[in-house]
file coords_30.txt (compact mmCIF, C-alpha atoms)
# COMPACT_ATOMS: atom_id res chain seq x y z
CA MET A 1 -70.26 -90.37 -70.83
CA ASP A 2 -70.46 -86.91 -69.30
CA GLN A 3 -69.77 -84.22 -71.88
CA THR A 4 -69.73 -81.64 -69.07
CA ALA A 5 -66.75 -83.31 -67.40
CA THR A 6 -63.91 -80.84 -66.99
CA THR A 7 -60.33 -81.57 -67.89
CA GLU A 8 -59.49 -81.65 -64.19
CA GLN A 9 -62.20 -84.24 -63.54
CA LEU A 10 -60.91 -86.31 -66.44
CA ARG A 11 -57.34 -86.05 -65.16
CA ARG A 12 -58.41 -87.31 -61.74
CA LYS A 13 -60.37 -90.13 -63.36
CA ALA A 14 -57.27 -91.17 -65.32
CA GLN A 15 -55.18 -91.13 -62.15
CA ARG A 16 -57.69 -93.39 -60.41
CA MET A 17 -57.45 -95.70 -63.40
CA ARG A 18 -53.66 -95.70 -63.11
CA ARG A 19 -53.92 -96.68 -59.46
CA LEU A 20 -56.24 -99.55 -60.37
CA ILE A 21 -53.84 -100.67 -63.11
CA ILE A 22 -50.97 -100.94 -60.65
CA GLU A 23 -53.12 -102.67 -58.03
CA MET A 24 -54.51 -105.31 -60.38
CA LEU A 25 -51.13 -106.03 -61.98
CA ALA A 26 -49.51 -106.35 -58.57
CA ALA A 27 -52.24 -108.80 -57.54
CA ALA A 28 -51.80 -110.79 -60.75
CA GLY A 29 -48.01 -110.82 -60.59
CA SER A 30 -47.79 -110.45 -64.36
CA GLY A 31 -49.08 -108.27 -67.16
CA HIS A 32 -48.32 -105.13 -69.15
CA PRO A 33 -48.11 -101.86 -67.21
CA GLY A 34 -46.22 -99.64 -69.68
CA GLY A 35 -48.77 -99.46 -72.48
CA SER A 36 -51.69 -99.48 -70.06
CA LEU A 37 -50.38 -96.39 -68.27
CA SER A 38 -49.52 -94.59 -71.51
CA ALA A 39 -53.11 -94.97 -72.75
CA ALA A 40 -54.93 -93.98 -69.53
CA ASP A 41 -55.53 -90.31 -70.35
CA ILE A 42 -56.97 -91.08 -73.79
CA VAL A 43 -59.18 -93.92 -72.54
CA ALA A 44 -60.44 -91.74 -69.67
CA CYS A 45 -61.45 -89.05 -72.15
CA LEU A 46 -63.24 -91.59 -74.31
CA TYR A 47 -65.21 -93.27 -71.54
CA PHE A 48 -65.99 -90.20 -69.46
CA HIS A 49 -66.47 -87.46 -72.01
CA VAL A 50 -66.52 -88.55 -75.66
CA MET A 51 -68.31 -91.86 -76.16
CA ARG A 52 -72.06 -92.39 -75.97
CA HIS A 53 -72.64 -95.46 -73.80
CA ARG A 54 -74.85 -96.71 -70.98
CA PRO A 55 -73.35 -98.78 -68.16
CA ASP A 56 -76.87 -99.83 -67.16
CA ASP A 57 -77.56 -101.03 -70.71
CA PRO A 58 -74.23 -102.30 -72.10
CA GLN A 59 -75.85 -103.83 -75.21
CA TRP A 60 -77.61 -100.59 -76.24
CA GLU A 61 -77.59 -100.88 -80.02
CA ASP A 62 -76.69 -97.24 -80.74
CA ARG A 63 -73.79 -97.08 -78.29
CA ASP A 64 -70.39 -95.95 -79.44
CA ARG A 65 -67.89 -98.79 -79.47
CA PHE A 66 -64.30 -99.00 -78.24
CA ILE A 67 -61.90 -101.67 -79.49
CA LEU A 68 -58.59 -102.05 -77.69
CA SER A 69 -56.64 -103.56 -80.56
CA LYS A 70 -53.42 -103.63 -78.50
CA GLY A 71 -55.10 -106.13 -76.22
CA HIS A 72 -52.14 -106.70 -73.90
CA ALA A 73 -52.93 -103.26 -72.43
CA CYS A 74 -56.28 -104.57 -71.17
CA PRO A 75 -55.71 -103.32 -67.59
CA VAL A 76 -56.53 -99.81 -68.81
CA LEU A 77 -59.77 -101.11 -70.34
CA TYR A 78 -60.74 -103.02 -67.20
CA ALA A 79 -59.97 -99.98 -65.05
CA ALA A 80 -62.22 -97.82 -67.25
CA LEU A 81 -65.02 -100.39 -67.10
CA ALA A 82 -64.77 -100.48 -63.31
CA GLU A 83 -64.72 -96.69 -62.99
CA ALA A 84 -67.71 -96.43 -65.34
CA GLY A 85 -69.71 -99.00 -63.36
CA TYR A 86 -69.73 -101.87 -65.85
CA ILE A 87 -67.87 -104.20 -63.49
CA THR A 88 -67.20 -104.13 -59.75
CA LEU A 89 -63.91 -102.90 -58.36
CA ASP A 90 -63.32 -106.12 -56.43
CA LEU A 91 -63.30 -108.09 -59.70
CA LEU A 92 -60.10 -106.36 -60.77
CA THR A 93 -57.92 -108.43 -58.44
CA SER A 94 -58.93 -111.53 -60.42
CA LEU A 95 -56.95 -110.30 -63.45
CA ARG A 96 -55.26 -113.15 -65.37
CA ARG A 97 -56.56 -115.85 -63.02
CA PHE A 98 -58.08 -119.09 -64.30
CA GLY A 99 -61.82 -118.69 -64.73
CA SER A 100 -61.76 -114.91 -64.39
CA PRO A 101 -63.65 -112.81 -66.95
CA LEU A 102 -60.63 -110.49 -66.88
CA GLN A 103 -58.20 -112.44 -69.01
CA GLY A 104 -54.69 -111.27 -69.88
CA HIS A 105 -56.07 -110.13 -73.24
CA PRO A 106 -59.70 -109.05 -73.75
CA ASP A 107 -61.86 -112.13 -74.29
CA ARG A 108 -65.49 -111.53 -75.25
CA ARG A 109 -66.35 -115.15 -74.45
CA LYS A 110 -65.47 -114.41 -70.83
CA LEU A 111 -66.57 -110.76 -70.62
CA GLY A 112 -69.51 -110.28 -72.94
CA LEU A 113 -69.87 -106.54 -72.40
CA ILE A 114 -66.67 -105.71 -74.31
CA GLU A 115 -66.83 -105.30 -78.07
CA ALA A 116 -64.19 -107.75 -79.26
CA SER A 117 -61.56 -110.29 -78.32
CA THR A 118 -58.22 -108.73 -79.16
CA GLY A 119 -54.51 -109.06 -78.56
CA SER A 120 -53.65 -111.06 -81.62
CA LEU A 121 -52.07 -107.87 -82.89
CA GLY A 122 -53.30 -106.29 -86.09
CA ILE A 123 -56.96 -107.30 -86.06
CA GLY A 124 -58.60 -104.40 -84.24
CA LEU A 125 -58.81 -101.93 -87.09
CA SER A 126 -60.41 -104.54 -89.34
CA LEU A 127 -62.98 -105.23 -86.63
CA GLY A 128 -63.61 -101.50 -86.36
CA VAL A 129 -64.14 -101.22 -90.11
CA GLY A 130 -66.76 -103.98 -89.94
CA MET A 131 -68.56 -102.35 -87.03
CA ALA A 132 -68.50 -98.95 -88.75
CA LEU A 133 -69.97 -100.44 -91.92
CA ALA A 134 -72.65 -102.25 -89.89
CA ALA A 135 -73.59 -99.04 -88.08
CA ARG A 136 -73.97 -97.21 -91.37
CA LEU A 137 -76.12 -99.99 -92.81
CA ARG A 138 -78.38 -99.81 -89.72
CA GLY A 139 -78.59 -96.04 -89.94
CA SER A 140 -77.14 -95.92 -86.44
CA PRO A 141 -75.32 -92.87 -85.03
CA SER A 142 -72.73 -95.18 -83.42
CA ARG A 143 -69.11 -94.17 -83.72
CA ILE A 144 -66.29 -96.70 -83.55
CA TYR A 145 -63.03 -95.97 -81.75
CA VAL A 146 -60.02 -98.27 -82.17
CA MET A 147 -56.82 -97.92 -80.14
CA LEU A 148 -53.70 -99.24 -81.87
CA GLY A 149 -50.23 -99.77 -80.52
CA ASP A 150 -47.35 -98.21 -82.43
CA GLY A 151 -45.53 -101.54 -82.63
CA GLU A 152 -48.80 -103.04 -83.78
CA CYS A 153 -48.71 -100.72 -86.78
CA GLU A 154 -45.93 -102.93 -88.15
CA GLU A 155 -48.65 -105.53 -88.89
CA GLY A 156 -49.75 -105.75 -92.51
CA GLN A 157 -53.41 -106.20 -91.67
CA ILE A 158 -53.48 -102.71 -90.16
CA TRP A 159 -52.65 -101.25 -93.55
CA GLU A 160 -55.17 -103.40 -95.39
CA ALA A 161 -57.86 -101.97 -93.12
CA ALA A 162 -56.35 -98.51 -93.45
CA MET A 163 -56.70 -98.73 -97.23
CA PHE A 164 -60.26 -100.07 -97.13
CA ALA A 165 -61.80 -97.63 -94.61
CA PRO A 166 -61.39 -94.43 -96.68
CA HIS A 167 -62.58 -96.29 -99.77
CA GLN A 168 -65.81 -96.89 -97.85
CA LYS A 169 -65.85 -93.27 -96.58
CA LEU A 170 -66.20 -94.42 -92.98
CA SER A 171 -66.35 -91.09 -91.20
CA ASN A 172 -67.84 -92.88 -88.16
CA LEU A 173 -64.48 -94.62 -87.59
CA CYS A 174 -61.69 -93.09 -85.51
CA ALA A 175 -58.36 -94.82 -84.89
CA VAL A 176 -55.94 -93.75 -82.17
CA VAL A 177 -52.27 -94.70 -82.30
CA ASP A 178 -50.73 -94.83 -78.81
CA TYR A 179 -47.32 -93.67 -79.99
CA ASN A 180 -45.14 -94.37 -76.95
CA ARG A 181 -42.27 -95.55 -79.21
CA LEU A 182 -41.41 -98.72 -77.26
CA GLN A 183 -42.54 -102.27 -77.95
CA LEU A 184 -41.69 -105.68 -76.51
CA ASP A 185 -38.09 -106.13 -77.65
CA ALA A 186 -36.80 -102.64 -78.42
CA SER A 187 -37.86 -99.23 -79.60
CA VAL A 188 -40.16 -99.05 -82.59
CA GLU A 189 -37.48 -97.05 -84.40
CA GLU A 190 -34.94 -99.86 -83.97
CA LEU A 191 -37.23 -102.69 -85.03
CA THR A 192 -39.24 -101.21 -87.92
CA SER A 193 -39.39 -97.45 -88.15
CA LEU A 194 -42.89 -96.11 -88.76
CA GLU A 195 -41.84 -92.67 -89.85
CA PRO A 196 -43.16 -90.67 -91.54
CA LEU A 197 -46.22 -92.13 -89.78
CA ALA A 198 -48.60 -89.21 -90.29
CA ASP A 199 -47.76 -89.00 -93.98
CA LYS A 200 -48.40 -92.73 -94.38
CA TRP A 201 -51.93 -92.35 -93.04
CA ARG A 202 -52.49 -89.25 -95.15
CA SER A 203 -51.44 -91.17 -98.24
CA PHE A 204 -54.22 -93.65 -97.45
CA GLN A 205 -56.65 -90.69 -97.42
CA TRP A 206 -57.30 -90.56 -93.67
CA HIS A 207 -57.91 -87.31 -91.83
CA VAL A 208 -54.80 -87.14 -89.61
CA LEU A 209 -54.40 -85.36 -86.27
CA GLU A 210 -51.18 -85.31 -84.24
CA ILE A 211 -51.43 -84.57 -80.53
CA ASP A 212 -49.82 -84.89 -77.12
CA GLY A 213 -51.62 -87.93 -75.72
CA HIS A 214 -51.40 -86.61 -72.16
CA ASN A 215 -52.76 -83.12 -72.88
CA TYR A 216 -56.50 -83.14 -72.20
CA GLU A 217 -57.29 -80.05 -74.22
CA GLN A 218 -55.58 -81.58 -77.26
CA ILE A 219 -57.18 -85.01 -76.73
CA LEU A 220 -60.70 -83.63 -76.48
CA ALA A 221 -60.22 -81.19 -79.36
CA ALA A 222 -59.01 -84.04 -81.56
CA PHE A 223 -62.01 -86.25 -80.77
CA HIS A 224 -64.41 -83.37 -81.33
CA GLN A 225 -62.77 -82.57 -84.66
CA ALA A 226 -62.98 -86.24 -85.67
CA GLN A 227 -66.74 -86.16 -85.03
CA ALA A 228 -67.10 -83.29 -87.49
CA VAL A 229 -65.17 -84.91 -90.34
CA THR A 230 -67.25 -86.24 -93.23
CA GLY A 231 -66.43 -88.60 -96.07
CA ARG A 232 -63.39 -90.31 -94.52
CA PRO A 233 -62.11 -91.80 -91.26
CA THR A 234 -59.84 -90.04 -88.79
CA VAL A 235 -56.64 -91.23 -87.15
CA ILE A 236 -55.24 -89.52 -84.07
CA ILE A 237 -51.51 -90.05 -83.60
CA ALA A 238 -50.99 -89.49 -79.89
CA ALA A 239 -47.45 -89.01 -78.62
CA THR A 240 -47.34 -90.68 -75.21
CA VAL A 241 -44.89 -91.82 -72.55
CA LYS A 242 -44.61 -95.54 -71.85
CA GLY A 243 -45.32 -96.10 -68.16
CA LYS A 244 -46.70 -92.57 -67.73
CA GLY A 245 -47.16 -91.55 -64.11
CA VAL A 246 -44.68 -93.91 -62.47
CA SER A 247 -41.17 -92.45 -62.55
CA TYR A 248 -39.19 -95.69 -62.67
CA MET A 249 -41.42 -97.10 -65.42
CA GLU A 250 -41.44 -94.11 -67.75
CA ASN A 251 -39.71 -94.81 -71.07
CA GLN A 252 -38.34 -98.08 -69.70
CA LEU A 253 -38.53 -101.04 -72.08
CA LYS A 254 -38.54 -103.47 -69.14
CA TYR A 255 -42.03 -102.42 -68.11
CA HIS A 256 -43.67 -103.26 -71.38
CA GLY A 257 -44.48 -106.67 -69.92
CA SER A 258 -43.04 -106.76 -66.38
CA VAL A 259 -44.75 -105.77 -63.15
CA PRO A 260 -43.07 -104.26 -60.06
CA GLU A 261 -41.02 -107.02 -58.48
CA LYS A 262 -41.08 -105.80 -54.88
CA PRO A 263 -43.83 -104.49 -52.59
CA GLU A 264 -41.90 -101.26 -52.08
CA LEU A 265 -41.94 -100.62 -55.84
CA VAL A 266 -45.71 -101.14 -55.88
CA GLN A 267 -46.05 -98.69 -53.02
CA GLN A 268 -43.78 -96.17 -54.74
CA ALA A 269 -45.92 -96.35 -57.87
CA LEU A 270 -49.14 -95.88 -55.90
CA SER A 271 -47.63 -93.00 -53.91
CA GLU A 272 -46.49 -91.19 -57.06
CA ILE A 273 -49.90 -91.60 -58.66
CA ALA A 274 -51.61 -90.34 -55.48
CA GLU A 275 -49.27 -87.34 -55.35
CA GLU A 276 -50.04 -86.46 -58.95
CA SER A 277 -53.77 -86.83 -58.28
CA SER A 278 -53.61 -84.23 -55.51
CA LEU A 279 -51.94 -81.55 -57.64
call {"tool": "encode", "arguments": {"input": "coords_30.txt", "output": "structure tokens"}}
result
Amino acid sequence: MDQTATTEQLRRKAQRMRRLIIEMLAAAGSGHPGGSLSAADIVACLYFHVMRHRPDDPQWEDRDRFILSKGHACPVLYAALAEAGYITLDLLTSLRRFGSPLQGHPDRRKLGLIEASTGSLGIGLSLGVGMALAARLRGSPSRIYVMLGDGECEEGQIWEAAMFAPHQKLSNLCAVVDYNRLQLDASVEELTSLEPLADKWRSFQWHVLEIDGHNYEQILAAFHQAQAVTGRPTVIIAATVKGKGVSYMENQLKYHGSVPEKPELVQQALSEIAEESSL
């Protein structure tokens, strides 16, 4: 964490993460680019400005904790860990290979420095509730951040945890909904509409913030406001673009779980990310 990092530094960090996402998925030949790219700006802000953590001491008891509940988007997590110095860059090309610590969904048995095994959708917020309760019992300043997918919010367990967290007044818990509006089979609206999503969370007594998930000023302001809230948890509903940063992937259902099929498409993606990084 570097709380002096400027929005421009964070933007460049997110673009480097996007490049790593494309490179590791191209090497793997499979995976989930769309939701990884949509989350990159938020995850960059968390790892390089907001969260208290120590790459040289990953088990530091009072660290803040990040749970990627939408575990299929693990390339964005692995890219952040590499950029932060938790893992080496060369490990990224082992994504989804047998024996690799970088499984297709986060697996704590393989990669012990992450907080939880996720990807069985719906469990992450419950895990976050448990960690937030444990931190309070220890008297620890740790904050818990949980990233949810919008399609994941169709899972009933999310709403069980959403009901329980305010009852326990877990102000050290912050959920983020990556609201890119597309899931595996269709749009979220077509499958099970979440709207009015903000009002649903408010009815469960959460502090609710709605932001543009690619606007750094809004992202950072939301996290800072969440830190100041007392007596209840916060949820940040972040409007994002599926496949953000790669023109042919943006808002395209196909790239929820498909990687670029041809080398020229990989190169186009990398070139567009590099061009954006130089602006």
call {"tool": "closest_residue", "arguments": {"input": "coords_30.txt", "among": "A:Lys110, A:Leu95, A:Leu77, A:Ala132", "to": "Asp62 (chain A)", "atoms": "all atoms listed in the file"}}
result
A:Ala132
call {"tool": "atom_distance", "arguments": {"input": "coords_30.txt", "atom1": "CA of Arg12 (chain A)", "atom2": "CA of Glu276 (chain A)"}}
result
8.9 Å
call {"tool": "axis_aligned_box", "arguments": {"input": "coords_30.txt", "around": "region 38-41 of chain A", "padding_each_side": "6 Å", "output": "lines of an AutoDock Vina configuration file"}}
result
center_x = -52.5
center_y = -92.6
center_z = -71.1
size_x = 18.0
size_y = 16.7
size_z = 15.2
call {"tool": "residues_around", "arguments": {"input": "coords_30.txt", "residues": "Gly122 (chain A)", "least_positions_apart": "2", "cutoff": "12 Å", "atoms": "only C-alpha atoms", "output": "PyMOL selection string"}}
result
chain A and resi 67-71+118-120+124-128+146-162
call {"tool": "residues_around", "arguments": {"input": "coords_30.txt", "residues": "region 212-217 of chain A", "least_positions_apart": "2", "cutoff": "6 Å", "atoms": "all atoms listed in the file", "output": "PyMOL selection string"}}
result
chain A and resi 7+41+219-220+238-240
call {"tool": "closest_residue", "arguments": {"input": "coords_30.txt", "among": "A:Ala14, A:Leu173, A:Cys45, A:Ile87", "to": "Gly231 (chain A)", "atoms": "only C-alpha atoms"}}
result
A:Leu173
call {"tool": "residues_around", "arguments": {"input": "coords_30.txt", "residues": "region 250-259 of chain A", "least_positions_apart": "5", "cutoff": "10 Å", "atoms": "all atoms listed in the file", "output": "VMD selection string"}}
result
chain A and resid 22 25 to 38 72 to 73 180 to 187 240 to 245 265 to 266
call {"tool": "closest_residue", "arguments": {"input": "coords_30.txt", "among": "A:Leu89, A:Glu264, A:Val43, A:Arg136", "to": "Val176 (chain A)", "atoms": "all atoms listed in the file"}}
result
A:Val43
call {"tool": "closest_residue", "arguments": {"input": "coords_30.txt", "among": "A:Ala5, A:Leu102, A:Leu191, A:Ala228", "to": "Tyr78 (chain A)", "atoms": "only C-alpha atoms"}}
result
A:Leu102
call {"tool": "atom_distance", "arguments": {"input": "coords_30.txt", "atom1": "CA of Ile237 (chain A)", "atom2": "CA of Ile211 (chain A)"}}
result
6.3 Å
call {"tool": "atom_distance", "arguments": {"input": "coords_30.txt", "atom1": "CA of Ala165 (chain A)", "atom2": "CA of Arg143 (chain A)"}}
result
13.6 Å
call {"tool": "closest_residue", "arguments": {"input": "coords_30.txt", "among": "A:Leu91, A:Ala84, A:Val50, A:Leu137", "to": "Gln227 (chain A)", "atoms": "only C-alpha atoms"}}
result
A:Val50
call {"tool": "residues_around", "arguments": {"input": "coords_30.txt", "residues": "Ser140 (chain A)", "least_positions_apart": "5", "cutoff": "10 Å", "atoms": "all atoms listed in the file", "output": "mmCIF file with C-alpha atoms, in the coordinates of the input"}}
result
data_model
loop_
_atom_site.group_PDB
_atom_site.id
_atom_site.type_symbol
_atom_site.label_atom_id
_atom_site.label_comp_id
_atom_site.auth_asym_id
_atom_site.auth_seq_id
_atom_site.Cartn_x
_atom_site.Cartn_y
_atom_site.Cartn_z
ATOM 1 C CA GLU A 61 -77.590 -100.880 -80.020
ATOM 2 C CA ASP A 62 -76.690 -97.240 -80.740
ATOM 3 C CA ARG A 63 -73.790 -97.080 -78.290
ATOM 4 C CA ASP A 64 -70.390 -95.950 -79.440
ATOM 5 C CA ALA A 132 -68.500 -98.950 -88.750
ATOM 6 C CA ALA A 134 -72.650 -102.250 -89.890
ATOM 7 C CA ALA A 135 -73.590 -99.040 -88.080
ATOM 8 C CA ASN A 172 -67.840 -92.880 -88.160
#
call {"tool": "closest_residue", "arguments": {"input": "coords_30.txt", "among": "A:Gln225, A:Glu23, A:Gly99, A:Leu111", "to": "Pro263 (chain A)", "atoms": "only C-alpha atoms"}}
result
A:Glu23
